[in-house]
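Colleague: Take a look at my_file_20.pdb, PDB, C-alpha atoms:
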```
ATOM      1  CA  SER A   1     -13.040   0.162   6.492
ATOM      2  CA  ASP A   2     -14.418   3.461   7.706
ATOM      3  CA  SER A   3     -14.969   4.624  11.267
ATOM      4  CA  ASN A   4     -18.143   2.539  11.436
ATOM      5  CA  ALA A   5     -16.221  -0.648  10.500
ATOM      6  CA  LYS A   6     -18.018  -0.788   7.157
ATOM      7  CA  PRO A   7     -16.049  -1.628   3.985
ATOM      8  CA  SER A   8     -14.877   1.523   2.236
ATOM      9  CA  PRO A   9     -15.321   1.279  -1.547
ATOM     10  CA  SER A  10     -12.267   1.994  -3.641
ATOM     11  CA  PHE A  11     -12.334   4.100  -6.792
ATOM     12  CA  SER A  12     -13.072   0.932  -8.776
ATOM     13  CA  GLY A  13     -15.837  -0.115  -6.372
ATOM     14  CA  ALA A  14     -13.845  -2.841  -4.612
ATOM     15  CA  LEU A  15     -14.885  -3.638  -1.044
ATOM     16  CA  TYR A  16     -12.706  -6.625  -0.116
ATOM     17  CA  TRP A  17      -9.438  -8.310  -0.931
ATOM     18  CA  ILE A  18      -8.377 -11.927  -1.218
ATOM     19  CA  LEU A  19      -4.917 -12.783   0.071
ATOM     20  CA  ALA A  20      -3.020 -16.053  -0.372
ATOM     21  CA  VAL A  21       0.280 -16.930   1.294
ATOM     22  CA  CYS A  22       2.733 -19.524   0.019
ATOM     23  CA  ARG A  23       3.911 -21.470   3.084
ATOM     24  CA  ALA A  24       7.159 -22.487   1.371
ATOM     25  CA  THR A  25       8.375 -19.088   0.160
ATOM     26  CA  GLY A  26       6.216 -16.533   1.964
ATOM     27  CA  LEU A  27       5.005 -15.068  -1.333
ATOM     28  CA  LEU A  28       1.837 -12.986  -1.085
ATOM     29  CA  TRP A  29      -0.753 -13.121  -3.866
ATOM     30  CA  GLY A  30      -3.771 -10.877  -3.718
ATOM     31  CA  LYS A  31      -6.589  -9.276  -5.645
ATOM     32  CA  THR A  32      -9.387  -6.856  -4.799
ATOM     33  CA  LEU A  33     -13.043  -7.895  -4.947
ATOM     34  CA  LYS A  34     -16.238  -5.955  -5.473
ATOM     35  CA  THR A  35     -18.424  -8.707  -4.017
ATOM     36  CA  ARG A  36     -17.833 -12.000  -2.264
ATOM     37  CA  LYS A  37     -19.182 -13.731  -5.356
ATOM     38  CA  ASP A  38     -15.911 -12.883  -7.095
ATOM     39  CA  LEU A  39     -14.040 -15.205  -4.718
ATOM     40  CA  PHE A  40     -14.323 -18.227  -6.988
ATOM     41  CA  ARG A  41     -13.143 -16.302 -10.056
ATOM     42  CA  HIS A  42     -10.012 -15.099  -8.288
ATOM     43  CA  LEU A  43      -9.315 -18.538  -6.845
ATOM     44  CA  ASP A  44      -9.290 -19.887 -10.388
ATOM     45  CA  LYS A  45      -6.895 -17.070 -11.367
ATOM     46  CA  LEU A  46      -4.601 -18.038  -8.511
ATOM     47  CA  HIS A  47      -4.515 -21.650  -9.682
ATOM     48  CA  LYS A  48      -3.690 -20.611 -13.243
ATOM     49  CA  TRP A  49      -1.008 -18.192 -12.005
ATOM     50  CA  ILE A  50       0.663 -20.984 -10.013
ATOM     51  CA  THR A  51       0.591 -23.524 -12.860
ATOM     52  CA  SER A  52       1.882 -20.958 -15.376
ATOM     53  CA  ARG A  53       5.070 -20.730 -13.305
ATOM     54  CA  GLY A  54       5.655 -24.455 -13.237
ATOM     55  CA  LYS A  55       4.377 -24.926  -9.681
ATOM     56  CA  VAL A  56       1.705 -27.268  -8.351
ATOM     57  CA  LEU A  57      -1.108 -26.306  -5.982
ATOM     58  CA  ARG A  58      -1.551 -29.130  -3.474
ATOM     59  CA  VAL A  59      -3.393 -27.803  -0.415
ATOM     60  CA  ILE A  60      -5.626 -24.803   0.245
ATOM     61  CA  ARG A  61      -5.931 -23.845   3.904
ATOM     62  CA  SER A  62      -8.655 -21.276   4.345
ATOM     63  CA  ASP A  63     -11.505 -20.056   6.440
ATOM     64  CA  ASN A  64     -15.099 -21.101   5.795
ATOM     65  CA  GLU A  65     -15.513 -18.721   2.859
ATOM     66  CA  PHE A  66     -14.064 -21.451   0.623
ATOM     67  CA  THR A  67     -16.627 -24.101   1.556
ATOM     68  CA  LYS A  68     -19.240 -22.647  -0.772
ATOM     69  CA  THR A  69     -20.852 -24.982  -3.297
ATOM     70  CA  VAL A  70     -19.334 -23.293  -6.352
ATOM     71  CA  ILE A  71     -15.828 -23.813  -4.971
ATOM     72  CA  THR A  72     -16.356 -27.410  -3.893
ATOM     73  CA  GLU A  73     -17.706 -28.178  -7.388
ATOM     74  CA  TRP A  74     -14.644 -26.496  -8.903
ATOM     75  CA  LEU A  75     -12.422 -28.796  -6.844
ATOM     76  CA  LEU A  76     -14.147 -31.894  -8.229
ATOM     77  CA  ASP A  77     -12.274 -31.444 -11.510
ATOM     78  CA  LYS A  78      -8.973 -31.026  -9.648
ATOM     79  CA  PRO A  79      -8.393 -34.186  -7.606
ATOM     80  CA  GLY A  80      -4.826 -33.165  -6.798
ATOM     81  CA  ILE A  81      -5.945 -30.198  -4.672
ATOM     82  CA  ARG A  82      -7.092 -30.627  -1.078
ATOM     83  CA  LEU A  83      -9.256 -28.042   0.698
ATOM     84  CA  LEU A  84      -8.649 -27.763   4.438
ATOM     85  CA  PRO A  85     -11.049 -25.196   5.881
ATOM     86  CA  SER A  86     -10.630 -23.961   9.417
ATOM     87  CA  ILE A  87     -12.908 -24.956  12.270
ATOM     88  CA  PRO A  88     -15.611 -22.309  12.801
ATOM     89  CA  TYR A  89     -14.421 -19.589  15.197
ATOM     90  CA  GLU A  90     -11.009 -21.293  15.446
ATOM     91  CA  HIS A  91      -8.534 -19.327  13.342
ATOM     92  CA  ASP A  92      -5.416 -20.982  14.746
ATOM     93  CA  THR A  93      -5.239 -23.370  11.789
ATOM     94  CA  VAL A  94      -4.944 -20.436   9.353
ATOM     95  CA  ARG A  95      -2.862 -18.145  11.549
ATOM     96  CA  THR A  96      -0.303 -17.535   8.774
ATOM     97  CA  VAL A  97      -2.754 -15.878   6.423
ATOM     98  CA  GLU A  98      -4.606 -14.220   9.321
ATOM     99  CA  ARG A  99      -1.331 -12.619  10.410
ATOM    100  CA  ALA A 100      -0.601 -11.615   6.803
ATOM    101  CA  ASN A 101      -4.044 -10.012   6.513
ATOM    102  CA  GLN A 102      -3.454  -8.043   9.709
ATOM    103  CA  THR A 103      -0.033  -6.940   8.461
ATOM    104  CA  MET A 104      -1.502  -5.738   5.177
ATOM    105  CA  ASP A 105      -4.291  -3.899   6.977
ATOM    106  CA  ASN A 106      -1.796  -2.135   9.257
ATOM    107  CA  THR A 107       0.455  -1.302   6.317
ATOM    108  CA  ILE A 108      -2.358   0.270   4.312
ATOM    109  CA  ASN A 109      -3.550   2.307   7.283
ATOM    110  CA  LYS A 110      -0.032   3.603   7.891
ATOM    111  CA  MET A 111       0.377   4.530   4.219
ATOM    112  CA  LEU A 112      -2.869   6.482   4.105
ATOM    113  CA  ASP A 113      -2.737   7.991   7.598
ATOM    114  CA  LEU A 114       0.699   9.589   7.314
ATOM    115  CA  PRO A 115       0.523  13.362   7.867
ATOM    116  CA  ARG A 116       2.114  13.964   4.471
ATOM    117  CA  ASN A 117      -0.603  11.898   2.749
ATOM    118  CA  LYS A 118      -3.588  13.977   3.815
ATOM    119  CA  HIS A 119      -4.372  14.457   0.136
ATOM    120  CA  LEU A 120      -5.190  10.732  -0.081
ATOM    121  CA  THR A 121      -8.612   9.425   0.883
ATOM    122  CA  ARG A 122      -9.710   6.007   2.116
ATOM    123  CA  GLN A 123     -10.675   5.198  -1.467
ATOM    124  CA  HIS A 124      -6.971   4.734  -2.209
ATOM    125  CA  TRP A 125      -6.829   1.536  -0.134
ATOM    126  CA  ALA A 126      -7.021  -0.809  -3.140
ATOM    127  CA  MET A 127      -4.057   0.822  -4.909
ATOM    128  CA  ALA A 128      -2.133   0.918  -1.641
ATOM    129  CA  PHE A 129      -2.887  -2.797  -1.143
ATOM    130  CA  MET A 130      -1.484  -3.784  -4.541
ATOM    131  CA  HIS A 131       1.579  -1.561  -4.085
ATOM    132  CA  ALA A 132       2.298  -3.040  -0.652
ATOM    133  CA  LEU A 133       2.076  -6.561  -2.110
ATOM    134  CA  LYS A 134       4.678  -5.770  -4.761
ATOM    135  CA  ILE A 135       7.049  -4.265  -2.214
ATOM    136  CA  LYS A 136       6.735  -7.087   0.317
ATOM    137  CA  ASN A 137       7.282  -9.775  -2.321
ATOM    138  CA  ARG A 138      10.544  -8.114  -3.356
ATOM    139  CA  LEU A 139      12.051  -7.649   0.096
ATOM    140  CA  PRO A 140      14.810 -10.152   0.980
ATOM    141  CA  THR A 141      14.166 -12.302   4.047
ATOM    142  CA  THR A 142      16.445 -14.201   6.396
ATOM    143  CA  ALA A 143      14.259 -17.296   6.042
ATOM    144  CA  LEU A 144      15.178 -17.401   2.334
ATOM    145  CA  HIS A 145      18.859 -16.608   3.006
ATOM    146  CA  GLY A 146      18.689 -13.090   1.656
ATOM    147  CA  ARG A 147      16.483 -13.865  -1.329
ATOM    148  CA  SER A 148      13.061 -12.379  -1.996
ATOM    149  CA  PRO A 149       9.883 -14.486  -2.306
ATOM    150  CA  ILE A 150       9.206 -13.335  -5.880
ATOM    151  CA  SER A 151      12.677 -14.447  -7.017
ATOM    152  CA  LEU A 152      11.778 -18.061  -6.202
ATOM    153  CA  TRP A 153       8.718 -17.900  -8.418
ATOM    154  CA  GLN A 154      10.022 -16.075 -11.445
ATOM    155  CA  PRO A 155      13.482 -14.976 -12.605
ATOM    156  CA  GLU A 156      13.650 -11.386 -11.492
ATOM    157  CA  VAL A 157      16.354  -9.107 -10.145
ATOM    158  CA  PHE A 158      14.937  -6.061  -8.416
ATOM    159  CA  ASP A 159      16.318  -3.039 -10.248
ATOM    160  CA  PRO A 160      15.149   0.453  -9.191
ATOM    161  CA  ARG A 161      15.641   1.580 -12.795
ATOM    162  CA  GLN A 162      13.128  -1.017 -13.934
ATOM    163  CA  PHE A 163      10.802  -0.581 -10.974
ATOM    164  CA  PRO A 164      10.982   3.106  -9.964
ATOM    165  CA  LEU A 165      10.279   3.589  -6.276
ATOM    166  CA  GLN A 166       8.852   6.704  -4.704
ATOM    167  CA  PRO A 167       7.074   7.174  -1.363
ATOM    168  CA  TYR A 168       3.433   6.295  -1.858
ATOM    169  CA  GLY A 169       1.418   9.427  -2.592
ATOM    170  CA  THR A 170       4.327  11.464  -3.938
ATOM    171  CA  ILE A 171       3.194  14.328  -6.175
ATOM    172  CA  VAL A 172       4.506  13.765  -9.710
ATOM    173  CA  ALA A 173       4.285  15.690 -12.947
ATOM    174  CA  ALA A 174       3.550  13.038 -15.580
ATOM    175  CA  HIS A 175       4.252  13.736 -19.235
ATOM    176  CA  ILE A 176       1.275  13.930 -21.585
ATOM    177  CA  PRO A 177       1.899  12.317 -24.995
ATOM    178  CA  LEU A 178       2.342  14.840 -27.803
ATOM    179  CA  ASP A 179      -0.633  13.454 -29.701
ATOM    180  CA  THR A 180      -2.978  14.337 -26.851
ATOM    181  CA  GLN A 181      -1.476  17.686 -25.890
ATOM    182  CA  ASN A 182      -3.342  20.920 -26.561
ATOM    183  CA  ASN A 183      -3.447  24.453 -25.247
ATOM    184  CA  GLY A 184      -5.753  23.433 -22.437
ATOM    185  CA  THR A 185      -3.784  20.432 -21.152
ATOM    186  CA  GLY A 186      -0.204  21.631 -21.155
ATOM    187  CA  ARG A 187       2.675  19.180 -21.317
ATOM    188  CA  SER A 188       2.096  17.332 -18.060
ATOM    189  CA  ILE A 189      -0.503  16.489 -15.450
ATOM    190  CA  LEU A 190      -0.146  16.574 -11.695
ATOM    191  CA  GLY A 191      -0.918  13.256 -10.076
ATOM    192  CA  TYR A 192       0.021  10.909  -7.259
ATOM    193  CA  TYR A 193       2.516   8.061  -7.399
ATOM    194  CA  VAL A 194       0.570   4.910  -6.493
ATOM    195  CA  GLY A 195       3.020   2.185  -7.476
ATOM    196  CA  PHE A 196       5.259   0.817 -10.200
ATOM    197  CA  SER A 197       4.274  -1.302 -13.182
ATOM    198  CA  GLU A 198       5.537  -4.881 -13.275
ATOM    199  CA  ASP A 199       4.842  -5.176 -16.996
ATOM    200  CA  HIS A 200       6.497  -1.963 -18.238
ATOM    201  CA  ARG A 201      10.160  -1.197 -17.678
ATOM    202  CA  GLY A 202      10.523   2.067 -15.803
ATOM    203  CA  GLY A 203       6.758   2.620 -15.716
ATOM    204  CA  ILE A 204       4.830   3.987 -12.749
ATOM    205  CA  PHE A 205       1.148   4.232 -11.959
ATOM    206  CA  VAL A 206      -0.029   7.833 -11.740
ATOM    207  CA  PHE A 207      -3.403   8.628 -10.188
ATOM    208  CA  ASN A 208      -5.129  11.680 -11.639
ATOM    209  CA  PRO A 209      -7.196  13.266  -8.835
ATOM    210  CA  LYS A 210      -9.345  15.184 -11.333
ATOM    211  CA  THR A 211     -10.471  12.243 -13.450
ATOM    212  CA  ARG A 212      -9.952   9.645 -10.684
ATOM    213  CA  THR A 213      -8.223   7.354 -13.139
ATOM    214  CA  THR A 214      -4.821   5.674 -13.134
ATOM    215  CA  THR A 215      -2.411   5.684 -16.064
ATOM    216  CA  ILE A 216       1.065   4.274 -16.668
ATOM    217  CA  ARG A 217       3.806   6.785 -17.376
ATOM    218  CA  HIS A 218       7.520   6.424 -18.035
ATOM    219  CA  THR A 219       8.410  10.096 -18.302
ATOM    220  CA  TYR A 220       7.693  11.958 -15.100
ATOM    221  CA  LYS A 221       9.214  14.198 -12.454
ATOM    222  CA  ALA A 222       8.734  13.688  -8.744
ATOM    223  CA  LEU A 223       7.826  17.021  -7.166
ATOM    224  CA  GLY A 224       7.949  15.800  -3.580
ATOM    225  CA  LEU A 225       5.571  15.049  -0.771
ATOM    226  CA  VAL A 226       2.744  17.071   0.665
ATOM    227  CA  GLU A 227       4.180  17.910   4.044
ATOM    228  CA  GLU A 228       2.022  18.500   7.101
ATOM    229  CA  PRO A 229       1.736  22.258   7.636
ATOM    230  CA  ARG A 230       3.337  23.625  10.766
ATOM    231  CA  LEU A 231       1.156  25.115  13.453
ATOM    232  CA  ASP A 232       2.509  28.551  12.641
ATOM    233  CA  ASP A 233       5.674  30.302  11.566
ATOM    234  CA  THR A 234       6.619  31.267  15.102
ATOM    235  CA  ILE A 235       9.998  30.556  16.664
ATOM    236  CA  TYR A 236       9.532  30.128  20.408
ATOM    237  CA  VAL A 237      12.395  31.575  22.476
ATOM    238  CA  VAL A 238      12.572  30.209  26.000
ATOM    239  CA  ALA A 239      15.091  30.690  28.780
ATOM    240  CA  SER A 240      17.023  27.513  29.462
ATOM    241  CA  ASP A 241      16.040  27.536  33.165
ATOM    242  CA  SER A 242      12.359  28.100  32.402
ATOM    243  CA  ASP A 243       9.819  25.577  33.667
ATOM    244  CA  VAL A 244       7.318  26.389  30.941
ATOM    245  CA  THR A 245       5.565  23.390  29.406
ATOM    246  CA  LEU A 246       5.787  23.053  25.641
ATOM    247  CA  THR A 247       3.820  20.860  23.298
ATOM    248  CA  PRO A 248       5.857  18.536  21.026
ATOM    249  CA  ASP A 249       5.110  20.784  18.044
ATOM    250  CA  GLN A 250       6.246  23.886  19.937
ATOM    251  CA  ALA A 251       9.425  22.120  21.077
ATOM    252  CA  GLU A 252      10.461  21.631  17.422
ATOM    253  CA  GLN A 253      10.257  25.399  16.924
ATOM    254  CA  THR A 254      12.002  26.409  20.155
ATOM    255  CA  GLN A 255      15.343  28.127  20.639
ATOM    256  CA  PHE A 256      16.663  27.950  24.214
ATOM    257  CA  ILE A 257      18.747  30.864  25.484
ATOM    258  CA  ALA A 258      20.726  31.446  28.680
ATOM    259  CA  PRO A 259      18.879  33.305  31.468
ATOM    260  CA  HIS A 260      21.131  36.362  31.302
ATOM    261  CA  MET A 261      20.728  36.847  27.561
ATOM    262  CA  PRO A 262      18.124  39.321  26.344
ATOM    263  CA  SER A 263      15.104  37.952  24.556
ATOM    264  CA  LEU A 264      15.178  37.979  20.789
ATOM    265  CA  THR A 265      13.057  40.703  19.267
ATOM    266  CA  THR A 266      12.873  39.537  15.666
ATOM    267  CA  ARG A 267       9.673  39.496  13.679
ATOM    268  CA  SER A 268       9.318  35.727  13.922
ATOM    269  CA  ALA A 269      10.148  35.348  17.606
ATOM    270  CA  THR A 270       7.715  35.009  20.460
ATOM    271  CA  VAL A 271       8.911  34.800  24.055
ATOM    272  CA  ILE A 272       7.124  32.402  26.355
ATOM    273  CA  PRO A 273       7.544  33.722  29.912
ATOM    274  CA  SER A 274       8.135  31.471  32.884
ATOM    275  CA  THR A 275       5.087  30.713  34.960
TER     276      THR A 275
END
```
Taking this structure as input, can you express it in the form of structure tokens?
Modeller:
Amino acid sequence: SDSNAKPSPSFSGALYWILAVCRATGLLWGKTLKTRKDLFRHLDKLHKWITSRGKVLRVIRSDNEFTKTVITEWLLDKPGIRLLPSIPYEHDTVRTVERANQTMDNTINKMLDLPRNKHLTRQHWAMAFMHALKIKNRLPTTALHGRSPISLWQPEVFDPRQFPLQPYGTIVAAHIPLDTQNNGTGRSILGYYVGFSEDHRGGIFVFNPKTRTTTIRHTYKALGLVEEPRLDDTIYVVASDSDVTLTPDQAEQTQFIAPHMPSLTTRSATVIPST
């Protein structure tokens, strides 16, 4: 959300997300939604995703969003599934998913608010959400004796060669296929790393800031992160017995010298006198 607590639309127009947590394995399943009317459609996708992996959906614990008529009618054809909504204004019965939602919200904010990611806007939240889901599902946990949640749902061994990892927002030069190259495009495009592809070995998602579209690329070169610029190029030289007060940023650029030593007189040095 923005500073006014209003949902911030993503590049695809999504305003919300739906998040499900498996109580047995801790697996997170989520999708982004443009409107709350899409809730039923994604719930049906979740059910199909579970059954396609040989699992059975028995109980759905949720808040009151799932008590809508279209969902209750959908459950009529599925007698094996029980819906247990929470009591209004009492979220203790769904504290697992509430805690997971808060964790995802904090994770996304940290990813987008890092000083090195100032080139990313709040519209990147949907891509950051999906990337965070993939990472969390592949992290080993002590509750599963060192196994990851996704490994209990599908046979998968996390291999960095198959799922290339880069810090979210890394600047990459992605190769342009020869068939689409011309004198105006060059051989690569500059974009941002926004995740890895689960369906393509060695593939990453590259966001093109010019077209605001995401493509999958296998051939790319990571150029690094956009670092936060320093306040200036000054090296502050301070006597070691000085009582001058420095800001944290100035302290990183400070060289302390003994009181009897002469002050440095280089081009990049500035002496801060004692007060």
Colleague: Could you write out as a list in words the residues that the PyMOL selection byres ((chain A and resi 190) around 10) matches in the shown file?
Modeller: Ile171, Val172, Ala173, Ala174, His175, Ser188, Ile189, Gly191, Tyr192, Tyr193, Val206, Phe207, Asn208, Pro209, Lys210, Tyr220, Lys221, Ala222 and Leu223 of chain A
Colleague: Please, could you write that set of residues out with C-alpha atoms as a PDB file, keeping the file's coordinate frame?
Modeller:
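Once written, again-v2.pdb looks like this:
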```pdb
ATOM      1  CA  ILE A 171       3.194  14.328  -6.175  1.00  0.00           C
ATOM      2  CA  VAL A 172       4.506  13.765  -9.710  1.00  0.00           C
ATOM      3  CA  ALA A 173       4.285  15.690 -12.947  1.00  0.00           C
ATOM      4  CA  ALA A 174       3.550  13.038 -15.580  1.00  0.00           C
ATOM      5  CA  HIS A 175       4.252  13.736 -19.235  1.00  0.00           C
ATOM      6  CA  SER A 188       2.096  17.332 -18.060  1.00  0.00           C
ATOM      7  CA  ILE A 189      -0.503  16.489 -15.450  1.00  0.00           C
ATOM      8  CA  GLY A 191      -0.918  13.256 -10.076  1.00  0.00           C
ATOM      9  CA  TYR A 192       0.021  10.909  -7.259  1.00  0.00           C
ATOM     10  CA  TYR A 193       2.516   8.061  -7.399  1.00  0.00           C
ATOM     11  CA  VAL A 206      -0.029   7.833 -11.740  1.00  0.00           C
ATOM     12  CA  PHE A 207      -3.403   8.628 -10.188  1.00  0.00           C
ATOM     13  CA  ASN A 208      -5.129  11.680 -11.639  1.00  0.00           C
ATOM     14  CA  PRO A 209      -7.196  13.266  -8.835  1.00  0.00           C
ATOM     15  CA  LYS A 210      -9.345  15.184 -11.333  1.00  0.00           C
ATOM     16  CA  TYR A 220       7.693  11.958 -15.100  1.00  0.00           C
ATOM     17  CA  LYS A 221       9.214  14.198 -12.454  1.00  0.00           C
ATOM     18  CA  ALA A 222       8.734  13.688  -8.744  1.00  0.00           C
ATOM     19  CA  LEU A 223       7.826  17.021  -7.166  1.00  0.00           C
TER      20      LEU A 223
END
```
Colleague: Apply the PyMOL selection byres ((chain A and resi 100) around 12) to the structure shown and report the selected residues as a ChimeraX atom specification.
Modeller: /A:18-23,26-30,94-99,101-107,132-133,136
Colleague: For Pro155 (chain A), which of A:Gly186, A:Arg138, A:Arg217, A:Val56 is the closest residue, counting all atoms listed in the file?
Modeller: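 Nearest candidate to Pro155 (chain A) out of A:Gly186, A:Arg138, A:Arg217, A:Val56: A:Arg138.
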Colleague: Please report the interatomic distance between CA of Ser86 (chain A) and CA of Ser62 (chain A) in Å with one decimal.
Modeller: 6.1 Å
Colleague: Please measure the separation of CA of Glu73 (chain A) and CA of Phe40 (chain A), giving the value in Å to one decimal.
Modeller: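 CA of Phe40 (chain A) lies at a distance of 10.5 Å from CA of Glu73 (chain A).
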Colleague: Determine the nearest neighbour of Leu144 (chain A) from the options A:Thr72, A:Ala24, A:Arg187, A:Phe11, counting only C-alpha atoms.
Modeller: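 Selected residue with least distance to Leu144 (chain A): A:Ala24.
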Colleague: CA of Gly13 (chain A) and CA of Met111 (chain A) are how many Å apart?
Modeller: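 These two atoms are separated by 19.9 Å.
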Colleague: Report as a PyMOL selection string the full result of the PyMOL selection byres ((chain A and resi 37-39) around 10) when it is applied to this structure.
Modeller: chain A and resi 16-18+31-36+40-45+65-66+68+70-71
Colleague: Output C-alpha atoms of each residue in that selection to a file, as a short mmCIF file (atom, residue, chain, number, x, y, z; two decimals), keeping the file's coordinate frame.
Modeller:
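Wrote part_35.cif, looks like this:
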```cif
data_model
loop_
_atom_site.label_atom_id
_atom_site.label_comp_id
_atom_site.auth_asym_id
_atom_site.auth_seq_id
_atom_site.Cartn_x
_atom_site.Cartn_y
_atom_site.Cartn_z
CA TYR A 16 -12.71 -6.62 -0.12
CA TRP A 17 -9.44 -8.31 -0.93
CA ILE A 18 -8.38 -11.93 -1.22
CA LYS A 31 -6.59 -9.28 -5.64
CA THR A 32 -9.39 -6.86 -4.80
CA LEU A 33 -13.04 -7.90 -4.95
CA LYS A 34 -16.24 -5.96 -5.47
CA THR A 35 -18.42 -8.71 -4.02
CA ARG A 36 -17.83 -12.00 -2.26
CA PHE A 40 -14.32 -18.23 -6.99
CA ARG A 41 -13.14 -16.30 -10.06
CA HIS A 42 -10.01 -15.10 -8.29
CA LEU A 43 -9.32 -18.54 -6.84
CA ASP A 44 -9.29 -19.89 -10.39
CA LYS A 45 -6.90 -17.07 -11.37
CA GLU A 65 -15.51 -18.72 2.86
CA PHE A 66 -14.06 -21.45 0.62
CA LYS A 68 -19.24 -22.65 -0.77
CA VAL A 70 -19.33 -23.29 -6.35
CA ILE A 71 -15.83 -23.81 -4.97
#
```
Colleague: Find, counting all atoms listed in the file, the residue in A:Tyr168, A:Asn182, A:Pro149, A:Thr69 that gets nearest to Asp113 (chain A).
Modeller: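 Nearest candidate to Asp113 (chain A) out of A:Tyr168, A:Asn182, A:Pro149, A:Thr69: A:Tyr168.
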Colleague: When you count only C-alpha atoms, which of these residues is closest to Trp74 (chain A): A:His47, A:His145, A:His119, A:Arg58?
Modeller: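 Smallest separation from Trp74 (chain A) among the options: A:His47.
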